[in-house]
>>> print(open('data-v2.tsv').read())   # TSV, C-alpha atoms
chain	number	residue	atom	x	y	z
A	25	MET	CA	-114.09	143.89	313.30
A	26	ILE	CA	-111.96	143.52	316.43
A	27	LYS	CA	-109.63	146.43	317.02
A	28	LEU	CA	-106.70	145.19	319.05
A	29	TRP	CA	-105.41	148.57	320.18
A	30	SER	CA	-103.52	147.02	323.08
A	31	MET	CA	-101.70	144.63	320.75
A	32	LYS	CA	-100.72	147.48	318.45
A	33	TRP	CA	-99.39	149.61	321.30
A	34	GLN	CA	-97.52	146.64	322.76
A	35	LEU	CA	-95.68	146.08	319.49
A	36	MET	CA	-94.92	149.81	319.25
A	37	LEU	CA	-93.49	149.75	322.77
A	38	TYR	CA	-91.18	146.88	321.86
A	39	PHE	CA	-89.81	148.75	318.85
A	40	LEU	CA	-89.64	152.02	320.79
A	41	ALA	CA	-87.57	150.29	323.48
A	42	SER	CA	-85.26	148.90	320.80
A	43	SER	CA	-84.83	152.34	319.21
A	44	LEU	CA	-84.18	154.08	322.53
A	45	LEU	CA	-81.58	151.51	323.53
A	46	THR	CA	-79.81	151.88	320.20
A	47	LEU	CA	-79.83	155.69	320.44
A	48	GLY	CA	-78.57	155.48	324.03
A	49	ILE	CA	-75.66	153.29	323.00
A	50	LEU	CA	-74.78	155.62	320.13
A	51	GLY	CA	-74.99	158.66	322.40
A	52	PHE	CA	-72.84	157.00	325.04
A	53	ALA	CA	-70.21	156.13	322.46
A	54	GLN	CA	-70.24	159.64	320.98
A	55	PHE	CA	-69.89	161.27	324.39
A	56	TYR	CA	-67.10	159.10	325.76
A	57	MET	CA	-65.33	158.31	322.49
A	58	PRO	CA	-66.06	160.71	319.61
A	59	TRP	CA	-66.38	159.12	316.21
A	60	ASP	CA	-63.41	161.06	314.82
A	61	THR	CA	-61.08	159.54	317.41
A	62	ALA	CA	-62.59	156.07	317.66
A	63	GLY	CA	-60.92	153.31	315.78
A	64	GLY	CA	-62.62	151.44	312.96
A	65	GLY	CA	-62.92	148.28	315.05
A	66	TRP	CA	-64.89	150.12	317.72
A	67	LYS	CA	-67.32	151.53	315.17
A	68	PHE	CA	-67.89	148.13	313.59
A	69	GLY	CA	-68.35	146.45	316.97
A	70	LEU	CA	-70.86	149.09	318.03
A	71	ALA	CA	-72.84	148.64	314.84
A	72	VAL	CA	-72.90	144.87	315.31
A	73	PHE	CA	-74.02	145.29	318.92
A	74	ALA	CA	-76.86	147.62	317.87
A	75	VAL	CA	-78.06	145.10	315.27
A	76	LEU	CA	-77.93	142.22	317.76
A	77	LEU	CA	-79.82	144.31	320.31
A	78	GLY	CA	-82.59	144.94	317.79
A	79	GLN	CA	-82.71	141.25	316.97
A	80	ALA	CA	-82.97	140.36	320.68
A	81	VAL	CA	-85.86	142.75	321.20
A	82	GLY	CA	-87.58	141.35	318.08
A	83	PHE	CA	-87.07	137.78	319.34
A	84	VAL	CA	-88.63	138.60	322.71
A	85	ALA	CA	-91.58	140.26	321.01
A	86	SER	CA	-92.14	137.40	318.54
A	87	ARG	CA	-91.86	134.74	321.26
A	88	THR	CA	-94.41	136.57	323.40
A	89	PHE	CA	-96.96	136.71	320.60
A	90	GLN	CA	-96.15	133.19	319.38
A	91	ARG	CA	-97.03	131.80	322.82
A	92	LYS	CA	-100.37	133.59	322.71
A	93	VAL	CA	-101.09	132.19	319.25
A	94	ASP	CA	-100.08	128.70	320.44
A	95	VAL	CA	-102.57	128.90	323.31
A	96	LEU	CA	-105.32	129.72	320.82
A	97	HIS	CA	-104.19	126.94	318.46
A	98	ILE	CA	-104.22	124.30	321.21
A	99	ALA	CA	-107.68	125.41	322.32
A	100	MET	CA	-108.94	125.10	318.72
A	101	LEU	CA	-107.50	121.58	318.43
A	102	GLN	CA	-109.22	120.53	321.66
A	103	LEU	CA	-112.49	121.95	320.39
A	104	ALA	CA	-112.10	120.07	317.10
A	105	LYS	CA	-111.54	116.82	319.03
A	106	GLY	CA	-114.86	117.26	320.86
A	107	ASN	CA	-113.58	118.67	324.17
A	108	LEU	CA	-116.26	121.34	324.22
A	109	LYS	CA	-115.71	122.32	327.85
A	110	ASP	CA	-112.15	123.62	327.39
A	111	ARG	CA	-111.78	127.39	327.70
A	112	ILE	CA	-108.85	129.81	327.53
A	113	GLN	CA	-107.88	131.54	330.75
A	114	ILE	CA	-108.12	135.29	330.12
A	115	ASP	CA	-105.99	138.04	331.65
A	116	PRO	CA	-107.83	141.40	331.48
A	117	ILE	CA	-104.61	143.22	330.53
A	118	ASP	CA	-103.61	140.62	327.90
A	119	SER	CA	-103.35	142.03	324.37
A	120	PHE	CA	-105.14	138.88	323.10
A	121	HIS	CA	-108.04	139.42	325.50
A	122	PRO	CA	-110.63	140.20	322.73
A	123	VAL	CA	-109.57	137.17	320.66
A	124	TYR	CA	-109.65	134.78	323.64
A	125	LYS	CA	-113.00	136.18	324.76
A	126	SER	CA	-114.52	135.67	321.31
A	127	PHE	CA	-113.18	132.11	321.18
A	128	ASN	CA	-114.65	131.27	324.59
A	129	GLU	CA	-118.01	132.69	323.55
A	130	MET	CA	-117.93	130.64	320.34
A	131	ALA	CA	-116.99	127.48	322.26
A	132	GLY	CA	-119.79	128.10	324.76
A	133	ALA	CA	-122.35	128.55	321.98
A	134	LEU	CA	-121.13	125.38	320.26
A	135	GLU	CA	-121.33	123.44	323.53
A	136	GLU	CA	-124.90	124.59	324.14
A	137	ARG	CA	-126.02	123.75	320.61
A	138	THR	CA	-124.36	120.35	320.76
A	139	ARG	CA	-126.05	119.64	324.09
A	140	LEU	CA	-129.46	120.54	322.63
A	141	LEU	CA	-128.72	118.42	319.56
A	142	GLN	CA	-127.87	115.46	321.78
A	143	GLU	CA	-131.07	115.87	323.81
A	144	MET	CA	-133.11	116.01	320.60
A	145	GLY	CA	-131.27	112.96	319.29
A	146	GLU	CA	-132.00	111.02	322.48
A	147	GLU	CA	-135.70	111.90	322.29
A	148	ARG	CA	-135.83	110.96	318.62
A	149	SER	CA	-134.01	107.70	319.34
A	150	VAL	CA	-136.58	106.79	321.99
A	151	MET	CA	-139.43	107.57	319.59
A	152	GLU	CA	-137.81	105.58	316.80
A	153	ARG	CA	-137.55	102.56	319.06
A	154	GLY	CA	-141.33	102.66	319.39
A	155	SER	CA	-141.74	101.98	315.66
A	156	VAL	CA	-141.34	98.25	316.10
A	157	GLU	CA	-143.29	97.13	313.05
A	158	THR	CA	-141.30	99.32	310.64
A	159	ALA	CA	-138.04	98.13	312.14
A	160	VAL	CA	-139.10	94.49	311.89
A	161	VAL	CA	-140.03	94.86	308.21
A	162	GLU	CA	-136.74	96.57	307.41
A	163	GLU	CA	-134.79	93.91	309.31
A	164	ARG	CA	-136.56	91.16	307.37
A	165	ARG	CA	-135.65	92.83	304.10
A	166	ARG	CA	-132.03	93.15	305.17
A	167	LEU	CA	-131.84	89.50	306.24
A	168	ALA	CA	-133.46	88.44	302.97
A	169	ARG	CA	-130.79	90.37	301.04
A	170	ASP	CA	-128.03	88.85	303.17
A	171	LEU	CA	-129.44	85.34	302.68
A	172	HIS	CA	-129.59	85.84	298.93
A	173	ASP	CA	-126.10	87.37	298.70
A	174	THR	CA	-124.35	84.88	300.97
A	175	VAL	CA	-125.91	81.59	302.02
A	176	SER	CA	-128.20	81.15	299.01
A	177	GLN	CA	-125.35	81.55	296.54
A	178	GLU	CA	-123.08	79.29	298.61
A	179	LEU	CA	-125.74	76.55	298.69
A	180	PHE	CA	-126.30	76.87	294.95
A	181	ALA	CA	-122.58	76.46	294.31
A	182	ILE	CA	-122.48	73.42	296.62
A	183	HIS	CA	-125.44	71.89	294.79
A	184	MET	CA	-123.85	72.37	291.37
A	185	SER	CA	-120.53	70.90	292.54
A	186	ALA	CA	-122.23	67.93	294.23
A	187	SER	CA	-124.32	67.24	291.12
A	188	SER	CA	-121.23	67.01	288.95
A	189	LEU	CA	-119.33	64.86	291.45
A	190	PRO	CA	-120.56	61.39	290.18
A	191	LYS	CA	-119.50	62.20	286.63
A	192	VAL	CA	-116.12	63.51	287.78
A	193	ILE	CA	-115.50	60.35	289.81
A	194	GLY	CA	-116.25	58.19	286.75
A	195	HIS	CA	-114.13	60.11	284.28
A	196	ASN	CA	-111.34	61.64	286.36
A	197	PRO	CA	-110.95	60.28	289.92
A	198	ASP	CA	-107.93	62.51	290.59
A	199	VAL	CA	-109.97	65.69	290.14
A	200	ALA	CA	-112.75	64.30	292.36
A	201	GLY	CA	-110.58	64.72	295.45
A	202	GLN	CA	-110.05	68.40	294.70
A	203	LEU	CA	-113.76	68.86	294.13
A	204	MET	CA	-114.56	67.22	297.47
A	205	GLU	CA	-112.16	69.59	299.21
A	206	GLN	CA	-113.90	72.55	297.57
A	207	LEU	CA	-117.27	71.23	298.74
A	208	ILE	CA	-116.01	70.97	302.30
A	209	GLN	CA	-114.67	74.54	302.23
A	210	MET	CA	-117.86	75.94	300.71
A	211	SER	CA	-120.07	74.14	303.22
A	212	HIS	CA	-117.92	75.41	306.08
A	213	HIS	CA	-118.19	78.97	304.78
A	214	ALA	CA	-121.96	78.66	304.34
A	215	GLN	CA	-122.29	77.35	307.89
A	216	LYS	CA	-120.30	80.31	309.16
A	217	GLN	CA	-122.53	82.73	307.29
A	218	MET	CA	-125.66	81.04	308.63
A	219	ARG	CA	-124.40	81.25	312.21
A	220	GLY	CA	-123.86	84.96	311.74
A	221	LEU	CA	-127.40	85.49	310.48
A	222	ILE	CA	-128.82	83.44	313.34
A	223	SER	CA	-126.89	85.51	315.87
A	224	GLN	CA	-128.40	88.65	314.34
A	225	LEU	CA	-131.88	87.15	314.68
A	226	ARG	CA	-131.26	86.86	318.43
A	227	PRO	CA	-130.16	90.42	319.31
A	228	ILE	CA	-129.40	90.99	322.96
A	229	GLU	CA	-131.72	93.37	324.80
A	230	LEU	CA	-130.24	96.19	326.84
A	231	ASP	CA	-133.32	96.54	329.06
A	232	GLY	CA	-132.37	95.80	332.65
A	233	SER	CA	-128.61	95.75	332.01
A	234	THR	CA	-125.92	98.27	331.18
A	235	LEU	CA	-124.12	98.43	327.86
A	236	GLU	CA	-121.00	97.05	329.51
A	237	GLN	CA	-122.90	94.03	330.86
A	238	ALA	CA	-124.53	93.45	327.48
A	239	LEU	CA	-121.21	93.59	325.64
A	240	GLU	CA	-119.58	91.17	328.07
A	241	LYS	CA	-122.20	88.63	327.06
A	242	TRP	CA	-122.72	89.42	323.37
A	243	PHE	CA	-119.18	90.26	322.19
A	244	PRO	CA	-117.47	86.92	323.06
A	245	GLU	CA	-120.36	84.92	321.60
A	246	TYR	CA	-120.25	86.92	318.37
A	247	CYS	CA	-116.48	86.48	318.08
A	248	ARG	CA	-116.71	82.72	318.62
A	249	ALA	CA	-119.50	82.41	316.06
A	250	HIS	CA	-117.33	84.10	313.44
A	251	GLU	CA	-113.97	82.60	314.45
A	252	LEU	CA	-112.52	85.92	315.63
A	253	GLN	CA	-110.02	86.46	318.43
A	254	GLY	CA	-111.70	89.26	320.35
A	255	ARG	CA	-110.52	91.65	323.04
A	256	LEU	CA	-113.03	93.76	325.01
A	257	ASP	CA	-112.04	96.85	327.01
A	258	VAL	CA	-114.95	98.86	328.45
A	259	GLU	CA	-114.50	101.52	331.13
A	260	THR	CA	-117.26	104.01	331.97
A	261	GLU	CA	-117.15	106.08	335.14
A	262	GLN	CA	-120.83	107.07	335.23
A	263	PRO	CA	-124.03	105.44	333.92
A	264	ILE	CA	-124.75	106.17	330.26
A	265	SER	CA	-128.23	107.27	329.24
A	266	GLU	CA	-130.43	104.60	327.67
A	267	ALA	CA	-130.62	106.40	324.31
A	268	ILE	CA	-126.83	106.74	324.03
A	269	GLU	CA	-126.30	103.11	325.05
A	270	HIS	CA	-128.79	102.00	322.41
A	271	GLN	CA	-127.12	103.99	319.63
A	272	LEU	CA	-123.64	102.86	320.68
A	273	PHE	CA	-124.74	99.23	320.66
A	274	LEU	CA	-126.23	99.61	317.17
A	275	ILE	CA	-122.98	101.21	315.98
A	276	ILE	CA	-121.00	98.31	317.46
A	277	GLN	CA	-123.26	95.76	315.76
A	278	GLU	CA	-122.89	97.56	312.43
A	279	GLY	CA	-119.11	97.75	312.79
A	280	MET	CA	-118.79	94.07	313.76
A	281	ALA	CA	-120.97	93.03	310.82
A	282	ASN	CA	-118.72	95.02	308.48
A	283	VAL	CA	-115.64	93.25	309.87
A	284	VAL	CA	-117.19	89.82	309.22
A	285	LYS	CA	-118.39	90.72	305.72
A	286	HIS	CA	-115.48	92.71	304.35
A	287	ALA	CA	-112.33	92.66	306.51
A	288	SER	CA	-111.19	89.00	306.37
A	289	ALA	CA	-109.86	89.61	309.87
A	290	THR	CA	-108.79	87.15	312.55
A	291	GLU	CA	-108.51	89.59	315.46
A	292	ILE	CA	-110.82	92.36	316.66
A	293	GLU	CA	-110.52	94.80	319.57
A	294	LEU	CA	-113.45	96.75	321.01
A	295	GLN	CA	-112.79	99.67	323.34
A	296	LEU	CA	-115.28	102.01	325.01
A	297	HIS	CA	-113.88	104.64	327.36
A	298	ASP	CA	-115.29	107.62	329.25
A	299	SER	CA	-112.70	110.41	328.93
A	300	GLY	CA	-114.67	112.69	331.22
A	301	ARG	CA	-115.74	115.01	328.40
A	302	GLN	CA	-116.83	112.45	325.81
A	303	TYR	CA	-117.46	108.76	325.18
A	304	VAL	CA	-114.89	107.26	322.83
A	305	LEU	CA	-115.74	104.01	321.04
A	306	GLN	CA	-113.04	102.28	318.99
A	307	LEU	CA	-113.29	99.10	316.94
A	308	ALA	CA	-110.01	97.88	315.38
A	309	ASP	CA	-109.32	94.77	313.31
A	310	ASN	CA	-106.27	93.23	311.65
A	311	GLY	CA	-108.01	92.64	308.32
A	312	LYS	CA	-107.04	93.51	304.79
A	313	GLY	CA	-108.12	97.14	305.11
A	314	PHE	CA	-108.84	99.40	302.17
A	315	GLU	CA	-107.80	102.68	300.60
A	316	ARG	CA	-110.28	105.43	301.41
A	317	SER	CA	-109.55	107.17	298.10
A	318	ALA	CA	-110.92	104.17	296.22
A	319	ILE	CA	-114.07	103.71	298.32
A	320	SER	CA	-116.90	106.17	298.86
A	321	SER	CA	-117.77	107.40	302.35
A	322	ALA	CA	-121.07	105.51	302.14
A	323	SER	CA	-119.33	102.15	301.91
A	324	HIS	CA	-118.69	99.70	304.73
A	325	GLY	CA	-121.60	101.06	306.76
A	326	LEU	CA	-119.70	104.25	307.57
A	327	SER	CA	-122.63	106.47	306.65
A	328	THR	CA	-124.97	104.57	308.98
A	329	MET	CA	-122.54	104.72	311.89
A	330	ARG	CA	-121.85	108.41	311.30
A	331	GLU	CA	-125.57	109.21	311.18
A	332	ARG	CA	-126.15	107.43	314.49
A	333	ALA	CA	-123.27	109.32	316.10
A	334	GLN	CA	-124.39	112.66	314.68
A	335	LYS	CA	-127.83	112.17	316.19
A	336	LEU	CA	-126.12	112.57	319.56
A	337	GLY	CA	-123.85	115.46	318.55
A	338	GLY	CA	-120.85	113.22	317.84
A	339	ASP	CA	-119.06	111.87	314.80
A	340	ALA	CA	-117.51	108.69	313.42
A	341	GLU	CA	-114.33	108.27	311.42
A	342	VAL	CA	-112.64	105.32	309.73
A	343	LEU	CA	-108.86	104.90	309.61
A	344	SER	CA	-107.65	102.27	307.18
A	345	GLY	CA	-105.06	101.36	304.62
A	346	SER	CA	-104.53	98.48	302.25
A	347	GLY	CA	-103.15	95.57	304.26
A	348	SER	CA	-103.06	97.49	307.57
A	349	GLY	CA	-106.47	96.73	309.05
A	350	THR	CA	-109.29	99.13	309.85
A	351	THR	CA	-110.12	101.25	312.88
A	352	VAL	CA	-113.53	102.80	313.47
A	353	ARG	CA	-113.51	105.60	316.06
A	354	VAL	CA	-116.70	107.20	317.37
A	355	ARG	CA	-116.81	110.19	319.72
A	356	ILE	CA	-119.98	111.21	321.57
A	357	PRO	CA	-119.92	114.38	323.74
A	358	LYS	CA	-120.72	113.76	327.38
A	359	PHE	CA	-123.12	116.11	329.14
A	360	VAL	CA	-123.97	115.92	332.84
A	361	LYS	CA	-127.45	117.12	333.65
A	362	GLU	CA	-127.58	119.25	336.77
A	363	PRO	CA	-130.52	119.75	339.16
A	364	LYS	CA	-131.48	123.22	337.91
A	365	GLY	CA	-131.79	122.08	334.33
A	366	GLU	CA	-128.32	123.30	333.42
A	367	ALA	CA	-125.87	120.97	331.74
A	368	SER	CA	-122.13	120.85	331.76
A	369	LEU	CA	-119.74	118.81	329.68
>>> encode(input="data-v2.tsv", output="structure tokens")
Amino acid sequence: MIKLWSMKWQLMLYFLASSLLTLGILGFAQFYMPWDTAGGGWKFGLAVFAVLLGQAVGFVASRTFQRKVDVLHIAMLQLAKGNLKDRIQIDPIDSFHPVYKSFNEMAGALEERTRLLQEMGEERSVMERGSVETAVVEERRRLARDLHDTVSQELFAIHMSASSLPKVIGHNPDVAGQLMEQLIQMSHHAQKQMRGLISQLRPIELDGSTLEQALEKWFPEYCRAHELQGRLDVETEQPISEAIEHQLFLIIQEGMANVVKHASATEIELQLHDSGRQYVLQLADNGKGFERSAISSASHGLSTMRERAQKLGGDAEVLSGSGSGTTVRVRIPKFVKEPKGEASL
């Protein structure tokens, strides 16, 4: 348990100063104007002044300690946002010195553990990429499910509608026009779904190019294939490690696929920025959105994206509301490896 003796004595000094000032005023008044000769107005005014003086001393004391608590609160918020390098400047004679010191030690331990977690995640990511056969089998299963759930059902519906078209033309020519329009819409939708699956069968390789270069090629093509108005904004000051680039690209692919499947969006914005302390990825669309209370955290690929981010010591969150679009935000801590094996964020 932390014993903040200095804080206790500081508060006592504030109240002692208030008491001494009040006693001094009372003594001054008694010496120069005895109570038996002083008028009632003087006595009342003196009492009011003593109360206001105590309030002023209390205000100064509370403001002093409130500022110290605010410093700690801001540092905690920065730590929660992933700025693991932020520390509180400590004054040796500050009454909050033990609290600030403990916070800095906690933040340092968290930074070190997060750095080790990211290094382990990068190594594991590299090893996982070597399991090509397993990945290929899983990808085939996923594509088979997508084909069955999308294109296959669309084609079956087109076949059934086309089969009934001759009879409809013979019995009710007016309805035939509506049925033809439905066939055109269904075939267009099936073609769109097929283009999306084909684009996934031709994933872009990051080998030999940076993530920014890969996105400049892949993102516009993907948007055109799915009739999306896309905006790309990528700014990274330093090269990103291969493992982090790979995981970020997989997260982007997962998020874009979710937009196509679920969002009914027409516009999409992809941002990737290097804030100096962390990489911030944001994917925002203008789709129909959803209420988080009505959908589990495992839906819309959120669990997959969060797992990929957590492998590197980061996290992923989804901000959405019915009719207000969806924003996926991923934060990955940034560590700079130094020559002596030390790392800083």
>>> residues_around(input="data-v2.tsv", residues="Arg330 (chain A)", least_positions_apart="3", cutoff="12 Å", atoms="all atoms listed in the file", output="PyMOL selection string")
chain A and resi 271-272+274-276+278-279+321-327+333-342+352-356
>>> write_last_selection(input="data-v2.tsv", atoms="C-alpha atoms", output="PDB file, keeping the file's coordinate frame")
ATOM      1  CA  GLN A 271    -127.120 103.990 319.630  1.00  0.00           C
ATOM      2  CA  LEU A 272    -123.640 102.860 320.680  1.00  0.00           C
ATOM      3  CA  LEU A 274    -126.230  99.610 317.170  1.00  0.00           C
ATOM      4  CA  ILE A 275    -122.980 101.210 315.980  1.00  0.00           C
ATOM      5  CA  ILE A 276    -121.000  98.310 317.460  1.00  0.00           C
ATOM      6  CA  GLU A 278    -122.890  97.560 312.430  1.00  0.00           C
ATOM      7  CA  GLY A 279    -119.110  97.750 312.790  1.00  0.00           C
ATOM      8  CA  SER A 321    -117.770 107.400 302.350  1.00  0.00           C
ATOM      9  CA  ALA A 322    -121.070 105.510 302.140  1.00  0.00           C
ATOM     10  CA  SER A 323    -119.330 102.150 301.910  1.00  0.00           C
ATOM     11  CA  HIS A 324    -118.690  99.700 304.730  1.00  0.00           C
ATOM     12  CA  GLY A 325    -121.600 101.060 306.760  1.00  0.00           C
ATOM     13  CA  LEU A 326    -119.700 104.250 307.570  1.00  0.00           C
ATOM     14  CA  SER A 327    -122.630 106.470 306.650  1.00  0.00           C
ATOM     15  CA  ALA A 333    -123.270 109.320 316.100  1.00  0.00           C
ATOM     16  CA  GLN A 334    -124.390 112.660 314.680  1.00  0.00           C
ATOM     17  CA  LYS A 335    -127.830 112.170 316.190  1.00  0.00           C
ATOM     18  CA  LEU A 336    -126.120 112.570 319.560  1.00  0.00           C
ATOM     19  CA  GLY A 337    -123.850 115.460 318.550  1.00  0.00           C
ATOM     20  CA  GLY A 338    -120.850 113.220 317.840  1.00  0.00           C
ATOM     21  CA  ASP A 339    -119.060 111.870 314.800  1.00  0.00           C
ATOM     22  CA  ALA A 340    -117.510 108.690 313.420  1.00  0.00           C
ATOM     23  CA  GLU A 341    -114.330 108.270 311.420  1.00  0.00           C
ATOM     24  CA  VAL A 342    -112.640 105.320 309.730  1.00  0.00           C
ATOM     25  CA  VAL A 352    -113.530 102.800 313.470  1.00  0.00           C
ATOM     26  CA  ARG A 353    -113.510 105.600 316.060  1.00  0.00           C
ATOM     27  CA  VAL A 354    -116.700 107.200 317.370  1.00  0.00           C
ATOM     28  CA  ARG A 355    -116.810 110.190 319.720  1.00  0.00           C
ATOM     29  CA  ILE A 356    -119.980 111.210 321.570  1.00  0.00           C
TER      30      ILE A 356
END
>>> residues_around(input="data-v2.tsv", residues="region 184-186 of chain A", least_positions_apart="3", cutoff="8 Å", atoms="all atoms listed in the file", output="ChimeraX atom specification")
/A:180-181,189-190,203,207
>>> residues_around(input="data-v2.tsv", residues="Leu77 (chain A)", least_positions_apart="5", cutoff="9 Å", atoms="only C-alpha atoms", output="ChimeraX atom specification")
/A:42,45-46,72,82
>>> residues_around(input="data-v2.tsv", residues="Ala214 (chain A)", least_positions_apart="4", cutoff="7 Å", atoms="only C-alpha atoms", output="list of chain:residue names")
A:Val175, A:Glu178, A:Met210, A:Met218
>>> atom_distance(input="data-v2.tsv", atom1="CA of Thr290 (chain A)", atom2="CA of Arg255 (chain A)")
11.5 Å
>>> closest_residue(input="data-v2.tsv", among="A:Glu293, A:Glu251, A:Glu147, A:Glu240", to="Ala267 (chain A)", atoms="all atoms listed in the file")
A:Glu147
>>> atom_distance(input="data-v2.tsv", atom1="CA of Gln262 (chain A)", atom2="CA of Thr351 (chain A)")
25.5 Å
>>> closest_residue(input="data-v2.tsv", among="A:Gln102, A:Met130, A:Leu108, A:His250", to="Lys285 (chain A)", atoms="all atoms listed in the file")
A:His250
>>> closest_residue(input="data-v2.tsv", among="A:Gln306, A:Gln113, A:Ser233, A:Ser188", to="Lys125 (chain A)", atoms="all atoms listed in the file")
A:Gln113
>>> atom_distance(input="data-v2.tsv", atom1="CA of Gly347 (chain A)", atom2="CA of Arg169 (chain A)")
28.3 Å
>>> decode(input="data-v2.tsv", residues="region 274-280 of chain A", atoms="all heavy atoms", output="PDB file, in the first residue's frame")
ATOM      1  N   LEU A 274      -4.087  -8.663 -44.976  1.00  0.00           N
ATOM      2  CA  LEU A 274      -5.150  -9.647 -44.759  1.00  0.00           C
ATOM      3  C   LEU A 274      -6.360  -9.007 -44.065  1.00  0.00           C
ATOM      4  O   LEU A 274      -7.509  -9.334 -44.375  1.00  0.00           O
ATOM      5  CB  LEU A 274      -4.613 -10.813 -43.920  1.00  0.00           C
ATOM      6  CG  LEU A 274      -3.579 -11.714 -44.606  1.00  0.00           C
ATOM      7  CD1 LEU A 274      -3.079 -12.771 -43.636  1.00  0.00           C
ATOM      8  CD2 LEU A 274      -4.157 -12.367 -45.854  1.00  0.00           C
ATOM      9  N   ILE A 275      -6.096  -8.107 -43.111  1.00  0.00           N
ATOM     10  CA  ILE A 275      -7.192  -7.403 -42.437  1.00  0.00           C
ATOM     11  C   ILE A 275      -7.966  -6.542 -43.435  1.00  0.00           C
ATOM     12  O   ILE A 275      -9.199  -6.487 -43.413  1.00  0.00           O
ATOM     13  CB  ILE A 275      -6.638  -6.540 -41.287  1.00  0.00           C
ATOM     14  CG1 ILE A 275      -6.111  -7.441 -40.162  1.00  0.00           C
ATOM     15  CG2 ILE A 275      -7.721  -5.602 -40.739  1.00  0.00           C
ATOM     16  CD1 ILE A 275      -5.393  -6.687 -39.063  1.00  0.00           C
ATOM     17  N   ILE A 276      -7.223  -5.855 -44.314  1.00  0.00           N
ATOM     18  CA  ILE A 276      -7.873  -5.023 -45.331  1.00  0.00           C
ATOM     19  C   ILE A 276      -8.732  -5.877 -46.257  1.00  0.00           C
ATOM     20  O   ILE A 276      -9.873  -5.513 -46.581  1.00  0.00           O
ATOM     21  CB  ILE A 276      -6.811  -4.246 -46.129  1.00  0.00           C
ATOM     22  CG1 ILE A 276      -6.144  -3.199 -45.231  1.00  0.00           C
ATOM     23  CG2 ILE A 276      -7.433  -3.566 -47.343  1.00  0.00           C
ATOM     24  CD1 ILE A 276      -4.938  -2.539 -45.858  1.00  0.00           C
ATOM     25  N   GLN A 277      -8.207  -7.014 -46.706  1.00  0.00           N
ATOM     26  CA  GLN A 277      -8.979  -7.898 -47.577  1.00  0.00           C
ATOM     27  C   GLN A 277     -10.246  -8.383 -46.888  1.00  0.00           C
ATOM     28  O   GLN A 277     -11.320  -8.423 -47.494  1.00  0.00           O
ATOM     29  CB  GLN A 277      -8.115  -9.084 -48.007  1.00  0.00           C
ATOM     30  CG  GLN A 277      -7.052  -8.744 -49.040  1.00  0.00           C
ATOM     31  CD  GLN A 277      -6.293  -9.972 -49.489  1.00  0.00           C
ATOM     32  OE1 GLN A 277      -5.869 -10.800 -48.683  1.00  0.00           O
ATOM     33  NE2 GLN A 277      -6.117 -10.116 -50.791  1.00  0.00           N
ATOM     34  N   GLU A 278     -10.124  -8.749 -45.601  1.00  0.00           N
ATOM     35  CA  GLU A 278     -11.288  -9.219 -44.853  1.00  0.00           C
ATOM     36  C   GLU A 278     -12.326  -8.115 -44.720  1.00  0.00           C
ATOM     37  O   GLU A 278     -13.525  -8.329 -44.905  1.00  0.00           O
ATOM     38  CB  GLU A 278     -10.850  -9.692 -43.471  1.00  0.00           C
ATOM     39  CG  GLU A 278     -11.978 -10.231 -42.604  1.00  0.00           C
ATOM     40  CD  GLU A 278     -12.487 -11.572 -43.085  1.00  0.00           C
ATOM     41  OE1 GLU A 278     -11.690 -12.343 -43.674  1.00  0.00           O
ATOM     42  OE2 GLU A 278     -13.686 -11.851 -42.891  1.00  0.00           O
ATOM     43  N   GLY A 279     -11.850  -6.893 -44.395  1.00  0.00           N
ATOM     44  CA  GLY A 279     -12.773  -5.777 -44.248  1.00  0.00           C
ATOM     45  C   GLY A 279     -13.467  -5.411 -45.553  1.00  0.00           C
ATOM     46  O   GLY A 279     -14.672  -5.141 -45.577  1.00  0.00           O
ATOM     47  N   MET A 280     -12.719  -5.413 -46.665  1.00  0.00           N
ATOM     48  CA  MET A 280     -13.317  -5.098 -47.965  1.00  0.00           C
ATOM     49  C   MET A 280     -14.342  -6.154 -48.362  1.00  0.00           C
ATOM     50  O   MET A 280     -15.407  -5.839 -48.912  1.00  0.00           O
ATOM     51  CB  MET A 280     -12.224  -4.985 -49.020  1.00  0.00           C
ATOM     52  CG  MET A 280     -11.281  -3.808 -48.829  1.00  0.00           C
ATOM     53  SD  MET A 280     -12.071  -2.219 -49.124  1.00  0.00           S
ATOM     54  CE  MET A 280     -12.315  -2.295 -50.906  1.00  0.00           C
TER      55      MET A 280
END
